[in-house]
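Structure data follow from work01.cif (mmCIF, C-alpha atoms):
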```cif
data_input
loop_
_atom_site.label_atom_id
_atom_site.label_comp_id
_atom_site.auth_asym_id
_atom_site.auth_seq_id
_atom_site.Cartn_x
_atom_site.Cartn_y
_atom_site.Cartn_z
CA MET A 1 5.84 33.06 -8.00
CA LEU A 2 3.75 29.92 -8.08
CA PHE A 3 3.62 27.29 -5.40
CA PHE A 4 2.93 23.73 -6.46
CA SER A 5 1.80 21.20 -3.91
CA LYS A 6 4.15 18.25 -3.73
CA PRO A 7 2.58 14.99 -4.90
CA LEU A 8 1.41 12.46 -2.34
CA LYS A 9 0.26 8.88 -2.62
CA LEU A 10 -0.79 5.77 -0.82
CA VAL A 11 0.63 2.42 -1.86
CA VAL A 12 -0.80 -1.04 -1.33
CA VAL A 13 1.59 -3.97 -1.74
CA ILE A 14 -0.17 -7.28 -2.42
CA ARG A 15 1.20 -10.82 -2.09
CA VAL A 16 0.64 -12.54 -5.42
CA ASP A 17 1.90 -15.92 -4.17
CA LEU A 18 -1.47 -16.35 -2.42
CA LYS A 19 -3.26 -16.22 -5.79
CA LEU A 20 -6.20 -14.33 -4.34
CA THR A 21 -9.21 -13.76 -6.57
CA LYS A 22 -9.94 -10.32 -7.97
CA GLY A 23 -12.67 -9.78 -5.36
CA LYS A 24 -10.51 -10.86 -2.46
CA THR A 25 -7.60 -8.76 -3.69
CA ALA A 26 -9.91 -5.75 -3.94
CA SER A 27 -11.28 -6.17 -0.43
CA GLN A 28 -7.81 -6.62 1.09
CA ALA A 29 -6.51 -3.53 -0.72
CA ALA A 30 -9.53 -1.53 0.43
CA HIS A 31 -8.88 -2.68 3.99
CA ALA A 32 -5.26 -1.51 3.79
CA ALA A 33 -6.23 1.86 2.32
CA VAL A 34 -8.91 2.59 4.93
CA SER A 35 -6.58 1.51 7.78
CA CYS A 36 -3.76 3.70 6.50
CA PHE A 37 -6.03 6.69 5.98
CA LYS A 38 -7.47 6.38 9.49
CA LYS A 39 -4.00 6.05 11.04
CA ALA A 40 -2.80 9.05 9.06
CA LEU A 41 -5.83 11.10 10.15
CA ASP A 42 -4.91 10.27 13.75
CA THR A 43 -1.16 10.85 13.52
CA LYS A 44 -0.46 13.24 10.62
CA GLU A 45 -3.81 14.82 9.80
CA SER A 46 -2.58 17.57 7.49
CA VAL A 47 -0.78 15.04 5.28
CA ALA A 48 -3.85 12.77 5.27
CA MET A 49 -6.17 15.60 4.27
CA LYS A 50 -3.80 16.95 1.61
CA TRP A 51 -3.70 13.48 0.05
CA PHE A 52 -7.48 13.10 0.27
CA ASN A 53 -8.11 16.49 -1.29
CA LEU A 54 -5.71 15.77 -4.14
CA GLY A 55 -8.03 12.91 -5.16
CA GLN A 56 -6.33 10.26 -2.99
CA PRO A 57 -3.82 8.99 -5.56
CA LYS A 58 -2.90 5.38 -4.99
CA ILE A 59 -1.08 2.53 -6.65
CA VAL A 60 -1.19 -1.21 -6.12
CA LEU A 61 2.10 -3.09 -6.30
CA LYS A 62 3.04 -6.73 -5.99
CA VAL A 63 5.48 -8.96 -4.14
CA ASP A 64 5.93 -12.73 -4.08
CA THR A 65 6.45 -13.46 -0.40
CA GLU A 66 5.49 -12.52 3.14
CA ASP A 67 9.19 -11.85 3.83
CA GLU A 68 9.18 -9.06 1.25
CA ILE A 69 6.10 -7.53 2.89
CA MET A 70 7.75 -7.62 6.31
CA ASN A 71 10.99 -6.08 4.99
CA LEU A 72 9.09 -3.26 3.28
CA ARG A 73 7.09 -2.65 6.43
CA GLN A 74 10.24 -2.28 8.52
CA LYS A 75 11.79 0.12 6.02
CA ALA A 76 8.59 2.18 5.95
CA ILE A 77 8.43 2.33 9.75
CA ASP A 78 12.11 3.36 9.84
CA SER A 79 11.20 6.21 7.44
CA ASP A 80 8.37 7.37 9.71
CA LEU A 81 5.70 6.36 7.21
CA VAL A 82 2.25 5.16 8.21
CA THR A 83 1.82 1.42 7.59
CA ALA A 84 -1.02 -1.07 7.88
CA LEU A 85 -0.30 -4.78 7.75
CA ILE A 86 -3.43 -6.67 6.76
CA ARG A 87 -4.10 -10.21 7.91
CA ASP A 88 -7.11 -12.05 6.63
CA ALA A 89 -9.68 -13.57 8.96
CA GLY A 90 -9.36 -16.60 6.67
CA ARG A 91 -12.98 -17.65 6.47
CA THR A 92 -12.47 -18.14 2.73
CA GLN A 93 -9.67 -18.92 0.28
CA ILE A 94 -6.68 -18.81 2.68
CA ALA A 95 -5.62 -19.86 6.20
CA SER A 96 -6.69 -17.66 9.09
CA ASN A 97 -4.33 -14.83 10.00
CA THR A 98 -2.39 -14.93 6.72
CA VAL A 99 -0.66 -11.64 5.84
CA THR A 100 -2.23 -10.57 2.54
CA CYS A 101 -1.00 -7.03 1.95
CA LEU A 102 0.63 -3.91 3.32
CA GLY A 103 -0.50 -0.32 3.05
CA ILE A 104 2.10 2.45 3.11
CA GLY A 105 1.20 6.12 3.39
CA PRO A 106 -0.40 8.38 2.44
CA ASP A 107 2.72 10.53 2.32
CA TYR A 108 4.92 12.45 -0.09
CA ASP A 109 5.96 10.53 -3.21
CA GLU A 110 9.66 10.98 -2.57
CA LYS A 111 9.45 9.30 0.85
CA ILE A 112 7.37 6.40 -0.44
CA ASP A 113 9.25 5.91 -3.72
CA ALA A 114 12.48 5.42 -1.75
CA ILE A 115 10.91 2.27 -0.27
CA VAL A 116 8.93 0.80 -3.18
CA LYS A 117 10.84 1.95 -6.27
CA ASP A 118 11.86 -1.60 -7.26
CA LEU A 119 8.35 -3.10 -7.10
CA LYS A 120 6.11 -3.77 -10.09
CA LEU A 121 2.47 -2.77 -10.56
CA LEU A 122 -0.06 -5.52 -9.86
CA MET B 123 -29.33 -9.47 29.59
CA LEU B 124 -26.69 -9.24 26.90
CA PHE B 125 -26.46 -6.60 24.24
CA PHE B 126 -24.99 -7.57 20.90
CA SER B 127 -23.84 -4.92 18.49
CA LYS B 128 -25.68 -5.15 15.21
CA PRO B 129 -23.43 -6.07 12.26
CA LEU B 130 -22.28 -3.35 9.88
CA LYS B 131 -20.55 -3.46 6.54
CA LEU B 132 -19.32 -1.51 3.58
CA VAL B 133 -20.00 -2.77 0.08
CA VAL B 134 -18.14 -2.02 -3.13
CA VAL B 135 -19.94 -2.80 -6.39
CA ILE B 136 -17.58 -3.21 -9.36
CA ARG B 137 -18.42 -3.08 -13.07
CA VAL B 138 -17.07 -6.28 -14.61
CA ASP B 139 -17.96 -5.25 -18.16
CA LEU B 140 -14.89 -2.98 -18.12
CA LYS B 141 -12.63 -6.02 -17.64
CA LEU B 142 -10.30 -4.12 -15.34
CA THR B 143 -7.10 -5.85 -14.24
CA LYS B 144 -6.71 -7.11 -10.70
CA GLY B 145 -4.55 -4.12 -9.79
CA LYS B 146 -6.94 -1.58 -11.28
CA THR B 147 -9.91 -3.27 -9.62
CA ALA B 148 -8.09 -3.15 -6.28
CA SER B 149 -7.24 0.54 -6.58
CA GLN B 150 -10.79 1.49 -7.60
CA ALA B 151 -12.26 -0.51 -4.71
CA ALA B 152 -9.82 1.11 -2.29
CA HIS B 153 -10.83 4.51 -3.62
CA ALA B 154 -14.52 3.76 -3.03
CA ALA B 155 -13.87 2.44 0.49
CA VAL B 156 -11.79 5.46 1.56
CA SER B 157 -14.33 7.89 0.06
CA CYS B 158 -17.24 6.18 1.81
CA PHE B 159 -15.40 6.02 5.13
CA LYS B 160 -14.51 9.73 4.97
CA LYS B 161 -18.09 10.70 4.07
CA ALA B 162 -19.42 8.55 6.89
CA LEU B 163 -16.96 10.12 9.36
CA ASP B 164 -18.28 13.52 8.29
CA THR B 165 -22.01 12.71 8.30
CA LYS B 166 -22.59 9.71 10.62
CA GLU B 167 -19.48 9.45 12.73
CA SER B 168 -20.74 6.96 15.30
CA VAL B 169 -21.75 4.50 12.58
CA ALA B 170 -18.39 4.98 10.82
CA MET B 171 -16.42 4.37 14.01
CA LYS B 172 -18.53 1.36 15.03
CA TRP B 173 -17.83 -0.18 11.64
CA PHE B 174 -14.13 0.62 11.84
CA ASN B 175 -13.81 -0.82 15.33
CA LEU B 176 -15.59 -4.02 14.31
CA GLY B 177 -12.71 -4.64 11.87
CA GLN B 178 -14.29 -2.77 8.93
CA PRO B 179 -16.14 -5.72 7.35
CA LYS B 180 -16.54 -5.29 3.63
CA ILE B 181 -17.60 -7.24 0.58
CA VAL B 182 -16.97 -6.68 -3.11
CA LEU B 183 -19.87 -7.39 -5.49
CA LYS B 184 -20.24 -7.21 -9.24
CA VAL B 185 -22.56 -5.79 -11.87
CA ASP B 186 -22.41 -5.79 -15.66
CA THR B 187 -23.37 -2.24 -16.56
CA GLU B 188 -23.14 1.39 -15.58
CA ASP B 189 -26.96 1.49 -15.49
CA GLU B 190 -27.00 -1.04 -12.67
CA ILE B 191 -24.49 1.05 -10.73
CA MET B 192 -26.63 4.17 -11.15
CA ASN B 193 -29.82 2.36 -10.11
CA LEU B 194 -28.15 0.97 -6.99
CA ARG B 195 -26.80 4.38 -6.14
CA GLN B 196 -30.25 5.96 -6.33
CA LYS B 197 -31.75 3.24 -4.13
CA ALA B 198 -28.94 3.68 -1.61
CA ILE B 199 -29.41 7.45 -1.53
CA ASP B 200 -33.17 6.96 -1.08
CA SER B 201 -32.36 4.73 1.93
CA ASP B 202 -30.15 7.43 3.46
CA LEU B 203 -26.98 5.38 2.95
CA VAL B 204 -23.58 6.91 2.27
CA THR B 205 -22.48 6.37 -1.32
CA ALA B 206 -19.36 7.11 -3.35
CA LEU B 207 -19.45 6.88 -7.13
CA ILE B 208 -15.95 6.38 -8.47
CA ARG B 209 -14.92 7.64 -11.88
CA ASP B 210 -11.49 6.84 -13.20
CA ALA B 211 -9.13 9.54 -14.36
CA GLY B 212 -8.56 7.22 -17.32
CA ARG B 213 -4.85 7.63 -17.78
CA THR B 214 -4.69 3.87 -18.28
CA GLN B 215 -6.90 0.99 -19.41
CA ILE B 216 -10.22 2.90 -19.83
CA ALA B 217 -11.63 6.19 -21.12
CA SER B 218 -11.39 9.22 -18.87
CA ASN B 219 -14.28 9.75 -16.47
CA THR B 220 -15.64 6.19 -16.79
CA VAL B 221 -17.71 5.05 -13.79
CA THR B 222 -15.84 2.03 -12.41
CA CYS B 223 -17.50 1.26 -9.09
CA LEU B 224 -19.80 2.35 -6.30
CA GLY B 225 -19.22 2.25 -2.58
CA ILE B 226 -22.22 1.91 -0.25
CA GLY B 227 -21.98 2.31 3.53
CA PRO B 228 -20.62 1.64 6.03
CA ASP B 229 -23.98 1.02 7.66
CA TYR B 230 -26.05 -1.70 9.26
CA ASP B 231 -26.28 -4.95 7.29
CA GLU B 232 -30.06 -4.90 7.13
CA LYS B 233 -30.12 -1.49 5.42
CA ILE B 234 -27.42 -2.44 2.91
CA ASP B 235 -28.67 -5.97 2.21
CA ALA B 236 -32.03 -4.54 1.17
CA ILE B 237 -30.23 -2.83 -1.72
CA VAL B 238 -27.62 -5.39 -2.78
CA LYS B 239 -29.18 -8.75 -1.88
CA ASP B 240 -29.45 -9.89 -5.51
CA LEU B 241 -25.83 -9.17 -6.44
CA LYS B 242 -23.07 -11.76 -6.67
CA LEU B 243 -19.61 -11.64 -5.13
CA LEU B 244 -16.83 -10.55 -7.45
#
```
Could you write out this structure as structure tokens?
Amino acid sequence: MLFFSKPLKLVVVIRVDLKLTKGKTASQAAHAAVSCFKKALDTKESVAMKWFNLGQPKIVLKVDTEDEIMNLRQKAIDSDLVTALIRDAGRTQIASNTVTCLGIGPDYDEKIDAIVKDLKLL
Amino acid sequence: MLFFSKPLKLVVVIRVDLKLTKGKTASQAAHAAVSCFKKALDTKESVAMKWFNLGQPKIVLKVDTEDEIMNLRQKAIDSDLVTALIRDAGRTQIASNTVTCLGIGPDYDEKIDAIVKDLKLL
């Protein structure tokens, strides 16, 4: 009998209404991923390390508003998922303290898909 | 007498010749940042945690070729900096195993700037 490890992922949800540049989008997504990974290491280490050792699969999705980000965050928290809400220091491009993106996970695909299944890839 | 903590950062250098989409660029940069952070936690934990607790400053820079990435990587290794070379699984957009970006750090600004000072922001 074979045992397959269940797939895991980390998701970053980006606000496209802010029209961030490619570089800014990349740095905000990286911030979300590092924050989520650190939180997961601290609170659910075996899940975090399983995800890391599987090659840290991740996808980047998009929403149009801060409201959507906040709704997703609440749903993720209600499902006991790690989240990281990223606000930008705002020295460039956008106003200080603007919510730019949300990290969710890493965790098992089935838990995360239940929250983000209707979102499109960035 | 006051003591100021010296600034630290993590840098991600992206190949723009691949013309990756915003979403792909973001996921590759996030991959580099998480890989670098994990390596730094394992090999220079106090530097990694100082950087994290300073709000994980990071910048995303660009180069035009894989050669430039490989040269930067060698210089960073020679300077005892953490590096993470990211290759894409290539299920989308680009050929499998293509080098997409390089993470350097986190480490003190002065060490990293010596390597990347001539590069432009993405």
Just say which residues the PyMOL selection byres ((chain B) within 12 of (chain A)) picks in this file, as a VMD selection string.
-> chain B and resid 131 to 138 141 to 161 163 170 to 171 173 to 175 177 to 184 208 to 211 223 225 228 242 to 244
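Atom pair atom CA of Asp80 of chain A / atom CA of Lys117 of chain A: separated by 17.1 Å.
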Mobile chain A fitted to chain B over all in-order Cα pairs, reported as a PDB file with C-alpha atoms, in the coordinates of the input:
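Okay, this is what ended up in part_36.pdb:
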```pdb
ATOM      1  CA  MET A   1     -29.039  -9.624  29.660  1.00  0.00           C
ATOM      2  CA  LEU A   2     -26.486  -9.375  26.893  1.00  0.00           C
ATOM      3  CA  PHE A   3     -26.356  -6.710  24.248  1.00  0.00           C
ATOM      4  CA  PHE A   4     -24.948  -7.650  20.871  1.00  0.00           C
ATOM      5  CA  SER A   5     -23.839  -4.955  18.485  1.00  0.00           C
ATOM      6  CA  LYS A   6     -25.686  -5.151  15.198  1.00  0.00           C
ATOM      7  CA  PRO A   7     -23.451  -6.060  12.258  1.00  0.00           C
ATOM      8  CA  LEU A   8     -22.304  -3.350   9.879  1.00  0.00           C
ATOM      9  CA  LYS A   9     -20.567  -3.447   6.534  1.00  0.00           C
ATOM     10  CA  LEU A  10     -19.326  -1.506   3.584  1.00  0.00           C
ATOM     11  CA  VAL A  11     -20.011  -2.759   0.079  1.00  0.00           C
ATOM     12  CA  VAL A  12     -18.146  -2.012  -3.124  1.00  0.00           C
ATOM     13  CA  VAL A  13     -19.943  -2.797  -6.383  1.00  0.00           C
ATOM     14  CA  ILE A  14     -17.591  -3.192  -9.355  1.00  0.00           C
ATOM     15  CA  ARG A  15     -18.411  -3.085 -13.074  1.00  0.00           C
ATOM     16  CA  VAL A  16     -17.071  -6.286 -14.597  1.00  0.00           C
ATOM     17  CA  ASP A  17     -17.953  -5.253 -18.165  1.00  0.00           C
ATOM     18  CA  LEU A  18     -14.872  -2.993 -18.102  1.00  0.00           C
ATOM     19  CA  LYS A  19     -12.623  -6.038 -17.604  1.00  0.00           C
ATOM     20  CA  LEU A  20     -10.286  -4.141 -15.311  1.00  0.00           C
ATOM     21  CA  THR A  21      -7.096  -5.867 -14.215  1.00  0.00           C
ATOM     22  CA  LYS A  22      -6.717  -7.132 -10.668  1.00  0.00           C
ATOM     23  CA  GLY A  23      -4.549  -4.123  -9.771  1.00  0.00           C
ATOM     24  CA  LYS A  24      -6.933  -1.601 -11.254  1.00  0.00           C
ATOM     25  CA  THR A  25      -9.914  -3.274  -9.609  1.00  0.00           C
ATOM     26  CA  ALA A  26      -8.106  -3.154  -6.266  1.00  0.00           C
ATOM     27  CA  SER A  27      -7.250   0.528  -6.555  1.00  0.00           C
ATOM     28  CA  GLN A  28     -10.797   1.481  -7.587  1.00  0.00           C
ATOM     29  CA  ALA A  29     -12.277  -0.510  -4.695  1.00  0.00           C
ATOM     30  CA  ALA A  30      -9.833   1.104  -2.274  1.00  0.00           C
ATOM     31  CA  HIS A  31     -10.837   4.516  -3.604  1.00  0.00           C
ATOM     32  CA  ALA A  32     -14.521   3.747  -3.016  1.00  0.00           C
ATOM     33  CA  ALA A  33     -13.886   2.451   0.502  1.00  0.00           C
ATOM     34  CA  VAL A  34     -11.798   5.452   1.578  1.00  0.00           C
ATOM     35  CA  SER A  35     -14.340   7.898   0.070  1.00  0.00           C
ATOM     36  CA  CYS A  36     -17.240   6.190   1.819  1.00  0.00           C
ATOM     37  CA  PHE A  37     -15.425   6.037   5.143  1.00  0.00           C
ATOM     38  CA  LYS A  38     -14.519   9.730   4.973  1.00  0.00           C
ATOM     39  CA  LYS A  39     -18.089  10.713   4.059  1.00  0.00           C
ATOM     40  CA  ALA A  40     -19.431   8.570   6.882  1.00  0.00           C
ATOM     41  CA  LEU A  41     -16.976  10.126   9.356  1.00  0.00           C
ATOM     42  CA  ASP A  42     -18.300  13.535   8.298  1.00  0.00           C
ATOM     43  CA  THR A  43     -22.013  12.716   8.284  1.00  0.00           C
ATOM     44  CA  LYS A  44     -22.626   9.744  10.608  1.00  0.00           C
ATOM     45  CA  GLU A  45     -19.486   9.464  12.718  1.00  0.00           C
ATOM     46  CA  SER A  46     -20.765   6.991  15.298  1.00  0.00           C
ATOM     47  CA  VAL A  47     -21.770   4.522  12.574  1.00  0.00           C
ATOM     48  CA  ALA A  48     -18.413   4.996  10.819  1.00  0.00           C
ATOM     49  CA  MET A  49     -16.449   4.377  14.005  1.00  0.00           C
ATOM     50  CA  LYS A  50     -18.560   1.377  15.032  1.00  0.00           C
ATOM     51  CA  TRP A  51     -17.859  -0.182  11.631  1.00  0.00           C
ATOM     52  CA  PHE A  52     -14.148   0.632  11.848  1.00  0.00           C
ATOM     53  CA  ASN A  53     -13.834  -0.806  15.334  1.00  0.00           C
ATOM     54  CA  LEU A  54     -15.614  -4.000  14.318  1.00  0.00           C
ATOM     55  CA  GLY A  55     -12.736  -4.643  11.888  1.00  0.00           C
ATOM     56  CA  GLN A  56     -14.306  -2.770   8.947  1.00  0.00           C
ATOM     57  CA  PRO A  57     -16.149  -5.705   7.364  1.00  0.00           C
ATOM     58  CA  LYS A  58     -16.557  -5.290   3.640  1.00  0.00           C
ATOM     59  CA  ILE A  59     -17.616  -7.219   0.582  1.00  0.00           C
ATOM     60  CA  VAL A  60     -16.992  -6.681  -3.106  1.00  0.00           C
ATOM     61  CA  LEU A  61     -19.870  -7.379  -5.477  1.00  0.00           C
ATOM     62  CA  LYS A  62     -20.252  -7.224  -9.226  1.00  0.00           C
ATOM     63  CA  VAL A  63     -22.562  -5.784 -11.861  1.00  0.00           C
ATOM     64  CA  ASP A  64     -22.406  -5.799 -15.655  1.00  0.00           C
ATOM     65  CA  THR A  65     -23.369  -2.248 -16.553  1.00  0.00           C
ATOM     66  CA  GLU A  66     -23.136   1.400 -15.565  1.00  0.00           C
ATOM     67  CA  ASP A  67     -26.957   1.498 -15.507  1.00  0.00           C
ATOM     68  CA  GLU A  68     -26.992  -1.047 -12.684  1.00  0.00           C
ATOM     69  CA  ILE A  69     -24.490   1.060 -10.730  1.00  0.00           C
ATOM     70  CA  MET A  70     -26.617   4.177 -11.168  1.00  0.00           C
ATOM     71  CA  ASN A  71     -29.816   2.363 -10.126  1.00  0.00           C
ATOM     72  CA  LEU A  72     -28.149   0.976  -6.997  1.00  0.00           C
ATOM     73  CA  ARG A  73     -26.788   4.403  -6.161  1.00  0.00           C
ATOM     74  CA  GLN A  74     -30.243   5.969  -6.348  1.00  0.00           C
ATOM     75  CA  LYS A  75     -31.749   3.258  -4.159  1.00  0.00           C
ATOM     76  CA  ALA A  76     -28.949   3.695  -1.618  1.00  0.00           C
ATOM     77  CA  ILE A  77     -29.409   7.473  -1.543  1.00  0.00           C
ATOM     78  CA  ASP A  78     -33.175   6.981  -1.110  1.00  0.00           C
ATOM     79  CA  SER A  79     -32.370   4.757   1.909  1.00  0.00           C
ATOM     80  CA  ASP A  80     -30.151   7.446   3.442  1.00  0.00           C
ATOM     81  CA  LEU A  81     -26.997   5.399   2.932  1.00  0.00           C
ATOM     82  CA  VAL A  82     -23.598   6.930   2.267  1.00  0.00           C
ATOM     83  CA  THR A  83     -22.484   6.383  -1.341  1.00  0.00           C
ATOM     84  CA  ALA A  84     -19.362   7.117  -3.358  1.00  0.00           C
ATOM     85  CA  LEU A  85     -19.449   6.872  -7.130  1.00  0.00           C
ATOM     86  CA  ILE A  86     -15.942   6.388  -8.476  1.00  0.00           C
ATOM     87  CA  ARG A  87     -14.901   7.627 -11.894  1.00  0.00           C
ATOM     88  CA  ASP A  88     -11.473   6.837 -13.201  1.00  0.00           C
ATOM     89  CA  ALA A  89      -9.088   9.542 -14.356  1.00  0.00           C
ATOM     90  CA  GLY A  90      -8.558   7.229 -17.338  1.00  0.00           C
ATOM     91  CA  ARG A  91      -4.830   7.602 -17.798  1.00  0.00           C
ATOM     92  CA  THR A  92      -4.666   3.828 -18.265  1.00  0.00           C
ATOM     93  CA  GLN A  93      -6.888   0.966 -19.414  1.00  0.00           C
ATOM     94  CA  ILE A  94     -10.194   2.864 -19.840  1.00  0.00           C
ATOM     95  CA  ALA A  95     -11.608   6.172 -21.135  1.00  0.00           C
ATOM     96  CA  SER A  96     -11.368   9.196 -18.869  1.00  0.00           C
ATOM     97  CA  ASN A  97     -14.263   9.724 -16.472  1.00  0.00           C
ATOM     98  CA  THR A  98     -15.627   6.178 -16.792  1.00  0.00           C
ATOM     99  CA  VAL A  99     -17.703   5.038 -13.795  1.00  0.00           C
ATOM    100  CA  THR A 100     -15.829   2.028 -12.405  1.00  0.00           C
ATOM    101  CA  CYS A 101     -17.503   1.254  -9.090  1.00  0.00           C
ATOM    102  CA  LEU A 102     -19.805   2.351  -6.303  1.00  0.00           C
ATOM    103  CA  GLY A 103     -19.236   2.266  -2.574  1.00  0.00           C
ATOM    104  CA  ILE A 104     -22.223   1.916  -0.252  1.00  0.00           C
ATOM    105  CA  GLY A 105     -21.977   2.337   3.505  1.00  0.00           C
ATOM    106  CA  PRO A 106     -20.632   1.654   6.014  1.00  0.00           C
ATOM    107  CA  ASP A 107     -23.998   1.044   7.646  1.00  0.00           C
ATOM    108  CA  TYR A 108     -26.075  -1.682   9.256  1.00  0.00           C
ATOM    109  CA  ASP A 109     -26.295  -4.929   7.278  1.00  0.00           C
ATOM    110  CA  GLU A 110     -30.073  -4.881   7.121  1.00  0.00           C
ATOM    111  CA  LYS A 111     -30.132  -1.472   5.407  1.00  0.00           C
ATOM    112  CA  ILE A 112     -27.439  -2.419   2.906  1.00  0.00           C
ATOM    113  CA  ASP A 113     -28.682  -5.955   2.211  1.00  0.00           C
ATOM    114  CA  ALA A 114     -32.059  -4.520   1.166  1.00  0.00           C
ATOM    115  CA  ILE A 115     -30.255  -2.813  -1.734  1.00  0.00           C
ATOM    116  CA  VAL A 116     -27.637  -5.375  -2.797  1.00  0.00           C
ATOM    117  CA  LYS A 117     -29.201  -8.727  -1.883  1.00  0.00           C
ATOM    118  CA  ASP A 118     -29.473  -9.868  -5.523  1.00  0.00           C
ATOM    119  CA  LEU A 119     -25.836  -9.157  -6.453  1.00  0.00           C
ATOM    120  CA  LYS A 120     -23.080 -11.756  -6.683  1.00  0.00           C
ATOM    121  CA  LEU A 121     -19.618 -11.644  -5.109  1.00  0.00           C
ATOM    122  CA  LEU A 122     -16.821 -10.555  -7.442  1.00  0.00           C
TER     123      LEU A 122
END
```
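Note that atom CA of Leu194 of chain B and atom CA of Val221 of chain B are 13.1 Å apart.
In this model, the gap between atom CA of Ile104 of chain A and atom CA of Asp17 of chain A comes to 19.8 Å.
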Compile the contact shell of Lys197 of chain B as a PyMOL selection string: residues with an atom at most 12 Å away, counting all atoms listed in the file, same-chain residues fewer than 3 positions apart removed.
-> chain B and resi 190-194+200-205+226+233-238
Name all residues at most 12 Å from Lys6 of chain A (count all atoms listed in the file; drop same-chain ones fewer than 3 positions away) and give them as number ranges by chain.
-> A: 3, 9, 47, 50-51, 54, 107-111
Using all atoms listed in the file, the residue out of B:Ser168, B:Ala162, B:Leu207, B:Ile199 with shortest distance to Thr222 of chain B is B:Leu207
Need a file for segment 80-93 of chain A from that block: N, CA, C and O atoms, written as an mmCIF file, in the first residue's frame.
```cif
data_model
loop_
_atom_site.group_PDB
_atom_site.id
_atom_site.type_symbol
_atom_site.label_atom_id
_atom_site.label_comp_id
_atom_site.auth_asym_id
_atom_site.auth_seq_id
_atom_site.Cartn_x
_atom_site.Cartn_y
_atom_site.Cartn_z
ATOM 1 N N ASP A 80 -9.231 28.402 10.574
ATOM 2 C CA ASP A 80 -7.989 28.080 11.292
ATOM 3 C C ASP A 80 -6.773 28.033 10.360
ATOM 4 O O ASP A 80 -5.851 27.240 10.553
ATOM 5 N N LEU A 81 -6.806 28.885 9.339
ATOM 6 C CA LEU A 81 -5.661 28.998 8.438
ATOM 7 C C LEU A 81 -4.766 30.152 8.889
ATOM 8 O O LEU A 81 -5.251 31.151 9.443
ATOM 9 N N VAL A 82 -3.477 30.017 8.648
ATOM 10 C CA VAL A 82 -2.549 31.125 8.876
ATOM 11 C C VAL A 82 -2.852 32.221 7.857
ATOM 12 O O VAL A 82 -3.088 31.925 6.677
ATOM 13 N N THR A 83 -2.836 33.469 8.298
ATOM 14 C CA THR A 83 -2.991 34.594 7.364
ATOM 15 C C THR A 83 -1.946 35.664 7.665
ATOM 16 O O THR A 83 -1.458 35.760 8.789
ATOM 17 N N ALA A 84 -1.626 36.450 6.655
ATOM 18 C CA ALA A 84 -0.780 37.630 6.859
ATOM 19 C C ALA A 84 -1.322 38.745 5.979
ATOM 20 O O ALA A 84 -1.321 38.636 4.753
ATOM 21 N N LEU A 85 -1.810 39.788 6.624
ATOM 22 C CA LEU A 85 -2.331 40.956 5.911
ATOM 23 C C LEU A 85 -1.177 41.944 5.763
ATOM 24 O O LEU A 85 -0.567 42.336 6.751
ATOM 25 N N ILE A 86 -0.882 42.314 4.525
ATOM 26 C CA ILE A 86 0.276 43.168 4.283
ATOM 27 C C ILE A 86 -0.173 44.591 3.996
ATOM 28 O O ILE A 86 -0.992 44.833 3.112
ATOM 29 N N ARG A 87 0.386 45.515 4.758
ATOM 30 C CA ARG A 87 0.155 46.946 4.519
ATOM 31 C C ARG A 87 1.472 47.544 4.080
ATOM 32 O O ARG A 87 2.526 47.208 4.628
ATOM 33 N N ASP A 88 1.409 48.443 3.128
ATOM 34 C CA ASP A 88 2.646 49.020 2.624
ATOM 35 C C ASP A 88 3.037 50.247 3.432
ATOM 36 O O ASP A 88 2.183 51.030 3.835
ATOM 37 N N ALA A 89 4.333 50.404 3.640
ATOM 38 C CA ALA A 89 4.836 51.581 4.346
ATOM 39 C C ALA A 89 4.534 52.850 3.545
ATOM 40 O O ALA A 89 4.470 53.949 4.100
ATOM 41 N N GLY A 90 4.316 52.696 2.244
ATOM 42 C CA GLY A 90 3.810 53.809 1.440
ATOM 43 C C GLY A 90 4.820 54.886 1.108
ATOM 44 O O GLY A 90 4.451 56.022 0.859
ATOM 45 N N ARG A 91 6.097 54.521 1.102
ATOM 46 C CA ARG A 91 7.094 55.530 0.735
ATOM 47 C C ARG A 91 7.064 55.779 -0.778
ATOM 48 O O ARG A 91 7.568 56.785 -1.245
ATOM 49 N N THR A 92 6.486 54.849 -1.506
ATOM 50 C CA THR A 92 6.423 54.971 -2.969
ATOM 51 C C THR A 92 5.041 54.546 -3.445
ATOM 52 O O THR A 92 4.343 53.811 -2.746
ATOM 53 N N GLN A 93 4.643 55.000 -4.570
ATOM 54 C CA GLN A 93 3.476 54.501 -5.328
ATOM 55 C C GLN A 93 2.101 54.658 -4.668
ATOM 56 O O GLN A 93 1.151 55.034 -5.320
#
```
